file start.csv (CSV, N, CA and C atoms)
chain,number,residue,atom,x,y,z
Y,512,MET,N,-16.2,16.6,6.2
Y,512,MET,CA,-16.5,17.2,4.9
Y,512,MET,C,-16.3,16.3,3.8
Y,513,THR,N,-17.3,15.5,3.6
Y,513,THR,CA,-17.3,14.4,2.5
Y,513,THR,C,-18.6,14.6,1.7
Y,514,PRO,N,-18.5,15.3,0.6
Y,514,PRO,CA,-19.8,15.6,-0.2
Y,514,PRO,C,-20.4,14.3,-0.7
Y,515,GLU,N,-21.8,14.3,-0.6
Y,515,GLU,CA,-22.6,13.2,-1.2
Y,515,GLU,C,-22.5,13.3,-2.7
Y,516,GLY,N,-22.8,12.2,-3.4
Y,516,GLY,CA,-22.9,12.2,-4.8
Y,516,GLY,C,-21.5,12.1,-5.5
Y,517,LEU,N,-20.5,12.0,-4.8
Y,517,LEU,CA,-19.1,11.7,-5.3
Y,517,LEU,C,-18.8,10.3,-5.0
Y,518,ARG,N,-17.8,9.7,-5.7
Y,518,ARG,CA,-17.2,8.4,-5.4
Y,518,ARG,C,-15.8,8.6,-4.8
Y,519,TYR,N,-15.4,7.7,-4.0
Y,519,TYR,CA,-14.1,7.8,-3.3
Y,519,TYR,C,-13.3,6.6,-3.4
Y,520,THR,N,-11.9,6.8,-3.3
Y,520,THR,CA,-11.0,5.6,-3.3
Y,520,THR,C,-10.5,5.5,-1.9
Y,521,LYS,N,-9.9,4.3,-1.6
Y,521,LYS,CA,-9.2,4.1,-0.3
Y,521,LYS,C,-7.9,4.9,-0.2
Y,522,ASP,N,-7.5,5.5,-1.4
Y,522,ASP,CA,-6.3,6.3,-1.4
Y,522,ASP,C,-6.6,7.8,-1.3
Y,523,HIS,N,-7.9,8.1,-1.0
Y,523,HIS,CA,-8.4,9.5,-0.7
Y,523,HIS,C,-8.5,10.3,-2.0
Y,524,GLU,N,-8.7,9.7,-3.1
Y,524,GLU,CA,-9.1,10.5,-4.3
Y,524,GLU,C,-10.7,10.5,-4.4
Y,525,TRP,N,-11.2,11.5,-5.0
Y,525,TRP,CA,-12.6,11.5,-5.3
Y,525,TRP,C,-12.9,11.6,-6.8
Y,526,ALA,N,-14.0,11.1,-7.2
Y,526,ALA,CA,-14.4,11.1,-8.6
Y,526,ALA,C,-15.8,11.6,-8.8
Y,527,LYS,N,-16.1,12.4,-9.7
Y,527,LYS,CA,-17.4,12.9,-10.0
Y,527,LYS,C,-17.7,12.8,-11.5
Y,528,LYS,N,-18.9,12.2,-11.8
Y,528,LYS,CA,-19.3,12.1,-13.2
Y,528,LYS,C,-19.6,13.4,-13.8
Y,529,ASP,N,-19.1,13.7,-14.9
Y,529,ASP,CA,-19.3,14.9,-15.7
Y,529,ASP,C,-19.5,14.5,-17.1
Y,530,GLY,N,-20.8,14.1,-17.4
Y,530,GLY,CA,-21.1,13.6,-18.8
Y,530,GLY,C,-20.4,12.2,-18.9
Y,531,GLU,N,-19.6,12.1,-19.9
Y,531,GLU,CA,-18.9,10.8,-20.1
Y,531,GLU,C,-17.5,10.8,-19.4
Y,532,LEU,N,-17.2,11.9,-18.8
Y,532,LEU,CA,-15.9,12.0,-18.1
Y,532,LEU,C,-16.0,11.9,-16.6
Y,533,LEU,N,-14.9,11.7,-16.0
Y,533,LEU,CA,-14.8,11.7,-14.5
Y,533,LEU,C,-13.9,12.8,-14.1
Y,534,VAL,N,-14.3,13.7,-13.3
Y,534,VAL,CA,-13.4,14.7,-12.7
Y,534,VAL,C,-12.8,14.1,-11.4
Y,535,VAL,N,-11.5,14.2,-11.3
Y,535,VAL,CA,-10.8,13.5,-10.2
Y,535,VAL,C,-10.0,14.6,-9.4
Y,536,GLY,N,-10.0,14.4,-8.1
Y,536,GLY,CA,-9.2,15.2,-7.2
Y,536,GLY,C,-8.9,14.5,-5.9
Y,537,ILE,N,-8.3,15.2,-4.9
Y,537,ILE,CA,-8.1,14.5,-3.6
Y,537,ILE,C,-9.1,15.1,-2.7
Y,538,THR,N,-9.4,14.3,-1.6
Y,538,THR,CA,-10.4,14.6,-0.7
Y,538,THR,C,-9.9,15.7,0.3
Y,539,HIS,N,-10.9,16.3,1.0
Y,539,HIS,CA,-10.5,17.3,2.0
Y,539,HIS,C,-9.6,16.6,3.1
Y,540,TYR,N,-9.9,15.4,3.4
Y,540,TYR,CA,-9.1,14.6,4.4
Y,540,TYR,C,-7.7,14.6,3.9
Y,541,ALA,N,-7.5,14.2,2.6
Y,541,ALA,CA,-6.1,14.0,2.1
Y,541,ALA,C,-5.4,15.4,2.1
Y,542,GLN,N,-6.0,16.4,1.7
Y,542,GLN,CA,-5.3,17.7,1.6
Y,542,GLN,C,-5.0,18.2,3.1
Y,543,ASP,N,-5.9,17.9,4.0
Y,543,ASP,CA,-5.6,18.2,5.4
Y,543,ASP,C,-4.4,17.5,6.0
Y,544,GLN,N,-4.3,16.2,5.6
Y,544,GLN,CA,-3.2,15.4,6.1
Y,544,GLN,C,-1.9,15.9,5.5
Y,545,LEU,N,-1.9,16.3,4.2
Y,545,LEU,CA,-0.7,16.7,3.5
Y,545,LEU,C,-0.2,18.1,4.0
Y,546,GLY,N,-1.1,19.0,4.4
Y,546,GLY,CA,-0.7,20.3,4.7
Y,546,GLY,C,-0.7,21.2,3.5
Y,547,ASP,N,0.1,22.3,3.6
Y,547,ASP,CA,0.1,23.3,2.5
Y,547,ASP,C,0.7,22.7,1.2
Y,548,VAL,N,-0.1,22.6,0.2
Y,548,VAL,CA,0.3,22.1,-1.1
Y,548,VAL,C,1.1,23.1,-1.8
Y,549,VAL,N,2.3,22.8,-2.3
Y,549,VAL,CA,3.2,23.7,-2.9
Y,549,VAL,C,3.5,23.4,-4.4
Y,550,PHE,N,3.1,22.2,-4.8
Y,550,PHE,CA,3.4,21.8,-6.2
Y,550,PHE,C,2.5,20.6,-6.6
Y,551,VAL,N,2.0,20.6,-7.8
Y,551,VAL,CA,1.2,19.4,-8.3
Y,551,VAL,C,1.8,19.1,-9.6
Y,552,GLU,N,2.2,17.8,-9.8
Y,552,GLU,CA,2.7,17.4,-11.1
Y,552,GLU,C,1.7,16.5,-11.7
Y,553,LEU,N,1.1,16.9,-12.9
Y,553,LEU,CA,0.1,16.1,-13.5
Y,553,LEU,C,0.6,15.7,-14.9
Y,554,PRO,N,0.0,14.6,-15.4
Y,554,PRO,CA,0.4,14.1,-16.7
Y,554,PRO,C,-0.2,14.9,-17.9
Y,555,SER,N,0.3,14.7,-19.1
Y,555,SER,CA,-0.2,15.3,-20.3
Y,555,SER,C,-1.5,14.7,-20.7
Y,556,PRO,N,-2.4,15.4,-21.2
Y,556,PRO,CA,-3.7,14.8,-21.8
Y,556,PRO,C,-3.3,13.8,-22.8
Y,557,GLY,N,-4.0,12.7,-22.9
Y,557,GLY,CA,-3.7,11.6,-23.8
Y,557,GLY,C,-3.1,10.4,-23.1
Y,558,LYS,N,-2.6,10.6,-21.9
Y,558,LYS,CA,-2.0,9.5,-21.2
Y,558,LYS,C,-3.1,8.5,-20.8
Y,559,THR,N,-2.8,7.2,-20.9
Y,559,THR,CA,-3.7,6.2,-20.5
Y,559,THR,C,-3.2,5.7,-19.1
Y,560,VAL,N,-4.2,5.5,-18.2
Y,560,VAL,CA,-3.9,5.1,-16.9
Y,560,VAL,C,-4.7,3.8,-16.5
Y,561,GLU,N,-4.2,3.1,-15.6
Y,561,GLU,CA,-4.9,1.9,-15.0
Y,561,GLU,C,-5.4,2.3,-13.7
Y,562,ALA,N,-6.5,1.6,-13.3
Y,562,ALA,CA,-7.0,1.9,-11.9
Y,562,ALA,C,-6.0,1.6,-10.9
Y,563,GLY,N,-5.8,2.5,-9.9
Y,563,GLY,CA,-4.8,2.3,-8.9
Y,563,GLY,C,-3.4,2.7,-9.2
Y,564,GLN,N,-3.2,3.1,-10.5
Y,564,GLN,CA,-1.8,3.5,-11.0
Y,564,GLN,C,-1.6,4.9,-10.6
Y,565,SER,N,-0.4,5.3,-10.3
Y,565,SER,CA,0.0,6.7,-10.0
Y,565,SER,C,-0.1,7.5,-11.4
Y,566,PHE,N,-0.8,8.6,-11.3
Y,566,PHE,CA,-0.8,9.5,-12.5
Y,566,PHE,C,-0.2,10.8,-12.3
Y,567,GLY,N,0.3,11.0,-11.1
Y,567,GLY,CA,0.9,12.3,-10.8
Y,567,GLY,C,1.4,12.3,-9.4
Y,568,VAL,N,2.0,13.5,-9.0
Y,568,VAL,CA,2.6,13.7,-7.7
Y,568,VAL,C,2.1,15.0,-7.1
Y,569,ILE,N,1.8,15.0,-5.8
Y,569,ILE,CA,1.4,16.2,-5.1
Y,569,ILE,C,2.5,16.4,-4.0
Y,570,GLU,N,3.0,17.7,-4.0
Y,570,GLU,CA,4.0,18.0,-3.0
Y,570,GLU,C,3.5,19.0,-2.0
Y,571,ALA,N,3.7,18.7,-0.8
Y,571,ALA,CA,3.3,19.7,0.3
Y,571,ALA,C,4.6,20.0,1.1
Y,572,VAL,N,4.4,21.0,2.0
Y,572,VAL,CA,5.5,21.4,2.8
Y,572,VAL,C,6.1,20.2,3.6
Y,573,LYS,N,5.2,19.3,4.1
Y,573,LYS,CA,5.6,18.2,4.9
Y,573,LYS,C,6.0,16.9,4.2
Y,574,THR,N,5.5,16.7,2.9
Y,574,THR,CA,5.6,15.4,2.3
Y,574,THR,C,5.4,15.5,0.8
Y,575,VAL,N,5.7,14.4,0.1
Y,575,VAL,CA,5.4,14.2,-1.3
Y,575,VAL,C,4.5,12.9,-1.4
Y,576,SER,N,3.5,13.0,-2.2
Y,576,SER,CA,2.6,11.8,-2.3
Y,576,SER,C,2.2,11.6,-3.7
Y,577,ASP,N,2.0,10.3,-4.1
Y,577,ASP,CA,1.5,10.0,-5.4
Y,577,ASP,C,0.0,10.2,-5.5
Y,578,LEU,N,-0.5,10.5,-6.7
Y,578,LEU,CA,-1.9,10.6,-7.0
Y,578,LEU,C,-2.3,9.3,-7.7
Y,579,TYR,N,-3.4,8.7,-7.4
Y,579,TYR,CA,-3.8,7.4,-8.0
Y,579,TYR,C,-5.1,7.5,-8.8
Y,580,ALA,N,-5.1,6.9,-10.0
Y,580,ALA,CA,-6.3,6.9,-10.8
Y,580,ALA,C,-7.4,6.0,-10.2
Y,581,PRO,N,-8.6,6.6,-10.0
Y,581,PRO,CA,-9.7,5.7,-9.5
Y,581,PRO,C,-10.2,4.7,-10.4
Y,582,VAL,N,-10.0,4.9,-11.7
Y,582,VAL,CA,-10.5,4.0,-12.8
Y,582,VAL,C,-9.5,4.0,-13.9
Y,583,ALA,N,-9.5,2.9,-14.7
Y,583,ALA,CA,-8.7,2.9,-16.0
Y,583,ALA,C,-9.3,3.8,-17.0
Y,584,GLY,N,-8.5,4.4,-17.8
Y,584,GLY,CA,-9.0,5.3,-18.9
Y,584,GLY,C,-8.0,6.2,-19.4
Y,585,GLU,N,-8.4,7.2,-20.1
Y,585,GLU,CA,-7.5,8.2,-20.8
Y,585,GLU,C,-7.7,9.6,-20.1
Y,586,ILE,N,-6.6,10.2,-19.8
Y,586,ILE,CA,-6.6,11.5,-19.2
Y,586,ILE,C,-6.9,12.5,-20.4
Y,587,VAL,N,-8.0,13.2,-20.3
Y,587,VAL,CA,-8.3,14.1,-21.4
Y,587,VAL,C,-8.1,15.6,-21.1
Y,588,GLU,N,-8.0,15.9,-19.8
Y,588,GLU,CA,-7.8,17.3,-19.4
Y,588,GLU,C,-7.1,17.3,-18.1
Y,589,VAL,N,-6.2,18.3,-17.9
Y,589,VAL,CA,-5.6,18.5,-16.6
Y,589,VAL,C,-6.0,20.0,-16.1
Y,590,ASN,N,-6.0,20.2,-14.8
Y,590,ASN,CA,-6.3,21.5,-14.3
Y,590,ASN,C,-5.0,22.4,-14.3
Y,591,GLY,N,-4.9,23.2,-15.4
Y,591,GLY,CA,-3.8,24.0,-15.5
Y,591,GLY,C,-3.6,25.1,-14.5
Y,592,GLU,N,-4.7,25.4,-13.8
Y,592,GLU,CA,-4.7,26.4,-12.7
Y,592,GLU,C,-3.8,26.0,-11.6
Y,593,LEU,N,-3.6,24.7,-11.4
Y,593,LEU,CA,-2.8,24.2,-10.3
Y,593,LEU,C,-1.3,24.5,-10.4
Y,594,GLN,N,-0.9,24.8,-11.7
Y,594,GLN,CA,0.6,25.1,-11.9
Y,594,GLN,C,0.9,26.4,-11.2
Y,595,GLY,N,0.1,27.4,-11.3
Y,595,GLY,CA,0.4,28.7,-10.6
Y,595,GLY,C,-0.2,28.8,-9.3
Y,596,GLN,N,-1.2,28.0,-9.0
Y,596,GLN,CA,-2.0,28.1,-7.7
Y,596,GLN,C,-2.2,26.7,-7.1
Y,597,PRO,N,-1.1,26.0,-6.7
Y,597,PRO,CA,-1.3,24.7,-6.1
Y,597,PRO,C,-2.2,24.7,-4.8
Y,598,ALA,N,-2.2,25.9,-4.2
Y,598,ALA,CA,-3.0,26.0,-2.9
Y,598,ALA,C,-4.5,25.8,-3.1
Y,599,LEU,N,-4.9,25.8,-4.4
Y,599,LEU,CA,-6.3,25.6,-4.7
Y,599,LEU,C,-6.8,24.2,-4.1
Y,600,VAL,N,-5.8,23.3,-4.1
Y,600,VAL,CA,-6.1,21.9,-3.6
Y,600,VAL,C,-6.5,22.0,-2.1
Y,601,ASN,N,-5.8,22.9,-1.4
Y,601,ASN,CA,-6.2,23.1,0.0
Y,601,ASN,C,-7.5,23.9,0.2
Y,602,SER,N,-7.7,25.0,-0.5
Y,602,SER,CA,-8.8,25.9,-0.3
Y,602,SER,C,-10.1,25.4,-0.9
Y,603,ALA,N,-10.0,24.6,-2.0
Y,603,ALA,CA,-11.2,24.1,-2.7
Y,603,ALA,C,-11.0,22.7,-3.3
Y,604,PRO,N,-10.8,21.7,-2.4
Y,604,PRO,CA,-10.4,20.4,-3.0
Y,604,PRO,C,-11.5,19.8,-3.9
Y,605,TYR,N,-12.8,20.1,-3.7
Y,605,TYR,CA,-13.8,19.5,-4.5
Y,605,TYR,C,-14.3,20.5,-5.6
Y,606,GLU,N,-13.7,21.6,-5.7
Y,606,GLU,CA,-14.1,22.6,-6.7
Y,606,GLU,C,-12.9,23.0,-7.6
Y,607,ALA,N,-12.3,24.1,-7.4
Y,607,ALA,CA,-11.2,24.6,-8.2
Y,607,ALA,C,-10.0,23.8,-8.1
Y,608,GLY,N,-9.9,22.9,-7.0
Y,608,GLY,CA,-8.7,22.1,-6.8
Y,608,GLY,C,-8.7,20.8,-7.5
Y,609,TRP,N,-9.6,20.5,-8.4
Y,609,TRP,CA,-9.6,19.2,-9.1
Y,609,TRP,C,-8.3,19.0,-9.9
Y,610,MET,N,-8.0,17.8,-10.2
Y,610,MET,CA,-6.7,17.5,-10.8
Y,610,MET,C,-6.8,17.2,-12.3
Y,611,VAL,N,-7.6,16.1,-12.6
Y,611,VAL,CA,-7.7,15.7,-14.0
Y,611,VAL,C,-9.1,15.3,-14.3
Y,612,LYS,N,-9.3,15.2,-15.7
Y,612,LYS,CA,-10.6,14.6,-16.2
Y,612,LYS,C,-10.2,13.3,-16.9
Y,613,ILE,N,-10.8,12.2,-16.6
Y,613,ILE,CA,-10.5,10.9,-17.2
Y,613,ILE,C,-11.8,10.5,-18.0
Y,614,ARG,N,-11.5,9.9,-19.2
Y,614,ARG,CA,-12.6,9.2,-20.0
Y,614,ARG,C,-12.4,7.7,-19.6
Y,615,PRO,N,-13.3,7.2,-18.8
Y,615,PRO,CA,-13.1,5.8,-18.3
Y,615,PRO,C,-13.2,4.8,-19.4
Y,616,ALA,N,-12.3,3.8,-19.3
Y,616,ALA,CA,-12.4,2.7,-20.3
Y,616,ALA,C,-13.7,1.9,-20.1
Y,617,ASN,N,-14.1,1.8,-18.9
Y,617,ASN,CA,-15.4,1.2,-18.6
Y,617,ASN,C,-16.2,2.1,-17.6
Y,618,PRO,N,-17.2,2.8,-18.1
Y,618,PRO,CA,-17.9,3.8,-17.2
Y,618,PRO,C,-18.5,3.1,-16.0
Y,619,ALA,N,-18.8,1.9,-16.0
Y,619,ALA,CA,-19.4,1.2,-14.9
Y,619,ALA,C,-18.4,1.0,-13.7
Y,620,ASP,N,-17.1,1.2,-14.0
Y,620,ASP,CA,-16.1,1.0,-12.9
Y,620,ASP,C,-16.3,2.0,-11.8
Y,621,VAL,N,-16.8,3.2,-12.1
Y,621,VAL,CA,-17.0,4.2,-11.1
Y,621,VAL,C,-17.9,3.7,-10.0
Y,622,ASP,N,-18.9,2.8,-10.4
Y,622,ASP,CA,-19.8,2.3,-9.4
Y,622,ASP,C,-19.2,1.4,-8.4
Y,623,HIS,N,-18.0,0.9,-8.6
Y,623,HIS,CA,-17.3,0.1,-7.7
Y,623,HIS,C,-16.5,0.9,-6.6
Y,624,LEU,N,-16.4,2.2,-6.8
Y,624,LEU,CA,-15.7,3.0,-5.8
Y,624,LEU,C,-16.6,3.2,-4.6
Y,625,LEU,N,-16.0,3.7,-3.5
Y,625,LEU,CA,-16.8,3.9,-2.3
Y,625,LEU,C,-17.8,5.1,-2.5
Y,626,ASP,N,-18.9,5.0,-1.9
Y,626,ASP,CA,-19.8,6.2,-1.8
Y,626,ASP,C,-19.4,7.0,-0.5
Y,627,ALA,N,-20.1,8.1,-0.3
Y,627,ALA,CA,-19.7,9.0,0.8
Y,627,ALA,C,-19.8,8.3,2.1
Y,628,THR,N,-20.9,7.5,2.3
Y,628,THR,CA,-21.1,6.8,3.6
Y,628,THR,C,-20.0,5.8,3.8
Y,629,ALA,N,-19.6,5.0,2.8
Y,629,ALA,CA,-18.5,4.0,3.0
Y,629,ALA,C,-17.2,4.7,3.2
Y,630,TYR,N,-16.9,5.8,2.5
Y,630,TYR,CA,-15.7,6.6,2.7
Y,630,TYR,C,-15.6,7.1,4.1
Y,631,LYS,N,-16.7,7.7,4.6
Y,631,LYS,CA,-16.7,8.2,6.0
Y,631,LYS,C,-16.4,7.1,7.0
Y,632,ALA,N,-17.1,6.0,6.8
Y,632,ALA,CA,-16.9,4.8,7.7
Y,632,ALA,C,-15.4,4.3,7.7
Y,633,MET,N,-14.8,4.3,6.5
Y,633,MET,CA,-13.4,3.9,6.4
Y,633,MET,C,-12.5,4.9,7.2
Y,634,LEU,N,-12.8,6.2,7.1
Y,634,LEU,CA,-12.0,7.2,7.9
Y,634,LEU,C,-12.2,7.0,9.4
Y,635,GLU,N,-13.4,6.8,9.8
Y,635,GLU,CA,-13.7,6.6,11.2
Y,635,GLU,C,-13.0,5.3,11.7
Y,636,ALA,N,-13.0,4.3,10.9
Y,636,ALA,CA,-12.4,3.0,11.3
Y,636,ALA,C,-10.9,3.2,11.5
Y,637,SER,N,-10.3,4.0,10.6
Y,637,SER,CA,-8.9,4.2,10.7
Y,637,SER,C,-8.4,5.0,11.8
Y,638,HIS,N,-9.4,5.8,12.4
Y,638,HIS,CA,-9.1,6.6,13.6
Y,638,HIS,C,-9.6,6.0,14.9
Y,639,ALA,N,-10.1,4.8,14.8
Y,639,ALA,CA,-10.7,4.2,16.0
Y,639,ALA,C,-9.6,3.7,17.0
call {"tool": "encode", "arguments": {"input": "start.csv", "output": "structure tokens"}}
result
Amino acid sequence: MTPEGLRYTKDHEWAKKDGELLVVGITHYAQDQLGDVVFVELPSPGKTVEAGQSFGVIEAVKTVSDLYAPVAGEIVEVNGELQGQPALVNSAPYEAGWMVKIRPANPADVDHLLDATAYKAMLEASHA
């Protein structure tokens, strides 16, 4: 379950262009590996992040994991629905379970992320 048209990181985040912003979340694979998500800690809007830098934490029944920014930029919006309904990450990782919206410092950086084909190949290689 890897939607086309999104970009992916090796840390299992996805990014989708939304005008000048990037909507960011974790992949179906990542939420499946984590198990039932019980808490998501996200930064306040206005925070600046660097590509690959942790911007938050996701807590599941089994483990706690960092969330990593796919590109450098400013966080302009966070998904407030996750405070009361963290399980949205499990039920709809590419829709209602999104995490943050980032205004990229360099919009072209998103083109350096993996496309769906490359992300699927990476997953297959890691399970070979």
call {"tool": "select_by_dssp", "arguments": {"input": "start.csv", "residues": "region 532-565 of chain Y", "states": "alpha helix (DSSP H)", "output": "list of chain:residue names"}}
result
Y:His539, Y:Tyr540, Y:Ala541, Y:Gln542, Y:Asp543, Y:Gln544, Y:Leu545
call {"tool": "write_last_selection", "arguments": {"input": "start.csv", "atoms": "N, CA and C atoms", "output": "mmCIF file, in the coordinates of the input"}}
result
data_model
loop_
_atom_site.group_PDB
_atom_site.id
_atom_site.type_symbol
_atom_site.label_atom_id
_atom_site.label_comp_id
_atom_site.auth_asym_id
_atom_site.auth_seq_id
_atom_site.Cartn_x
_atom_site.Cartn_y
_atom_site.Cartn_z
ATOM 1 N N HIS Y 539 -10.900 16.300 1.000
ATOM 2 C CA HIS Y 539 -10.500 17.300 2.000
ATOM 3 C C HIS Y 539 -9.600 16.600 3.100
ATOM 4 N N TYR Y 540 -9.900 15.400 3.400
ATOM 5 C CA TYR Y 540 -9.100 14.600 4.400
ATOM 6 C C TYR Y 540 -7.700 14.600 3.900
ATOM 7 N N ALA Y 541 -7.500 14.200 2.600
ATOM 8 C CA ALA Y 541 -6.100 14.000 2.100
ATOM 9 C C ALA Y 541 -5.400 15.400 2.100
ATOM 10 N N GLN Y 542 -6.000 16.400 1.700
ATOM 11 C CA GLN Y 542 -5.300 17.700 1.600
ATOM 12 C C GLN Y 542 -5.000 18.200 3.100
ATOM 13 N N ASP Y 543 -5.900 17.900 4.000
ATOM 14 C CA ASP Y 543 -5.600 18.200 5.400
ATOM 15 C C ASP Y 543 -4.400 17.500 6.000
ATOM 16 N N GLN Y 544 -4.300 16.200 5.600
ATOM 17 C CA GLN Y 544 -3.200 15.400 6.100
ATOM 18 C C GLN Y 544 -1.900 15.900 5.500
ATOM 19 N N LEU Y 545 -1.900 16.300 4.200
ATOM 20 C CA LEU Y 545 -0.700 16.700 3.500
ATOM 21 C C LEU Y 545 -0.200 18.100 4.000
#
call {"tool": "residues_around", "arguments": {"input": "start.csv", "residues": "Gly546 (chain Y)", "least_positions_apart": "2", "cutoff": "10 Å", "atoms": "only C-alpha atoms", "output": "list in words"}}
result
Ala541, Gln542, Asp543, Gln544, Val548, Val549, Glu570, Ala571, Val572, Lys573, Thr574, Ala598 and Asn601 of chain Y
call {"tool": "write_last_selection", "arguments": {"input": "start.csv", "atoms": "N, CA and C atoms", "output": "compact mmCIF listing (two decimals), keeping the file's coordinate frame"}}
result
# COMPACT_ATOMS: atom_id res chain seq x y z
N ALA Y 541 -7.50 14.20 2.60
CA ALA Y 541 -6.10 14.00 2.10
C ALA Y 541 -5.40 15.40 2.10
N GLN Y 542 -6.00 16.40 1.70
CA GLN Y 542 -5.30 17.70 1.60
C GLN Y 542 -5.00 18.20 3.10
N ASP Y 543 -5.90 17.90 4.00
CA ASP Y 543 -5.60 18.20 5.40
C ASP Y 543 -4.40 17.50 6.00
N GLN Y 544 -4.30 16.20 5.60
CA GLN Y 544 -3.20 15.40 6.10
C GLN Y 544 -1.90 15.90 5.50
N VAL Y 548 -0.10 22.60 0.20
CA VAL Y 548 0.30 22.10 -1.10
C VAL Y 548 1.10 23.10 -1.80
N VAL Y 549 2.30 22.80 -2.30
CA VAL Y 549 3.20 23.70 -2.90
C VAL Y 549 3.50 23.40 -4.40
N GLU Y 570 3.00 17.70 -4.00
CA GLU Y 570 4.00 18.00 -3.00
C GLU Y 570 3.50 19.00 -2.00
N ALA Y 571 3.70 18.70 -0.80
CA ALA Y 571 3.30 19.70 0.30
C ALA Y 571 4.60 20.00 1.10
N VAL Y 572 4.40 21.00 2.00
CA VAL Y 572 5.50 21.40 2.80
C VAL Y 572 6.10 20.20 3.60
N LYS Y 573 5.20 19.30 4.10
CA LYS Y 573 5.60 18.20 4.90
C LYS Y 573 6.00 16.90 4.20
N THR Y 574 5.50 16.70 2.90
CA THR Y 574 5.60 15.40 2.30
C THR Y 574 5.40 15.50 0.80
N ALA Y 598 -2.20 25.90 -4.20
CA ALA Y 598 -3.00 26.00 -2.90
C ALA Y 598 -4.50 25.80 -3.10
N ASN Y 601 -5.80 22.90 -1.40
CA ASN Y 601 -6.20 23.10 0.00
C ASN Y 601 -7.50 23.90 0.20
call {"tool": "closest_residue", "arguments": {"input": "start.csv", "among": "Y:Ala636, Y:Ala627, Y:Ala619, Y:Val535", "to": "Glu588 (chain Y)", "atoms": "only C-alpha atoms"}}
result
Y:Val535
call {"tool": "closest_residue", "arguments": {"input": "start.csv", "among": "Y:Leu517, Y:Ala639, Y:Ala616, Y:Val621", "to": "Ile586 (chain Y)", "atoms": "only C-alpha atoms"}}
result
Y:Ala616
call {"tool": "closest_residue", "arguments": {"input": "start.csv", "among": "Y:Val587, Y:Glu515, Y:Asp577, Y:Glu531", "to": "Ser555 (chain Y)", "atoms": "all atoms listed in the file"}}
result
Y:Val587
call {"tool": "closest_residue", "arguments": {"input": "start.csv", "among": "Y:Leu545, Y:Lys631, Y:Tyr540, Y:Gly516", "to": "Ser576 (chain Y)", "atoms": "all atoms listed in the file"}}
result
Y:Leu545
call {"tool": "select_by_dssp", "arguments": {"input": "start.csv", "residues": "chain Y", "states": "strand (DSSP E or B)", "output": "ChimeraX atom specification"}}
result
/Y:518-519,524-529,532-537,548-552,559-560,565-571,575-579,584-589,611-615,625
call {"tool": "atom_distance", "arguments": {"input": "start.csv", "atom1": "atom C of Leu578 (chain Y)", "atom2": "atom N of Gln564 (chain Y)"}}
result
6.9 Å
call {"tool": "residues_near_point", "arguments": {"input": "start.csv", "point": "(-3.5, 12.9, -17.6)", "cutoff": "8 Å", "atoms": "only N, CA and C atoms", "output": "list in words"}}
result
Leu553, Pro554, Ser555, Pro556, Gly557, Lys558, Thr559, Val560, Phe566, Gly567, Glu585, Ile586, Val587, Glu588, Val589, Met610, Val611, Lys612 and Ile613 of chain Y
call {"tool": "closest_residue", "arguments": {"input": "start.csv", "among": "Y:His638, Y:Ser565, Y:Asp620, Y:Thr538", "to": "Trp525 (chain Y)", "atoms": "all atoms listed in the file"}}
result
Y:Thr538
call {"tool": "atom_distance", "arguments": {"input": "start.csv", "atom1": "CA of Asp522 (chain Y)", "atom2": "CA of Tyr579 (chain Y)"}}
result
7.1 Å
call {"tool": "closest_residue", "arguments": {"input": "start.csv", "among": "Y:Glu524, Y:Asp622, Y:Asp547, Y:Glu635", "to": "Val600 (chain Y)", "atoms": "all atoms listed in the file"}}
result
Y:Asp547
call {"tool": "atom_distance", "arguments": {"input": "start.csv", "atom1": "atom N of Asn590 (chain Y)", "atom2": "atom N of Tyr630 (chain Y)"}}
result
25.0 Å
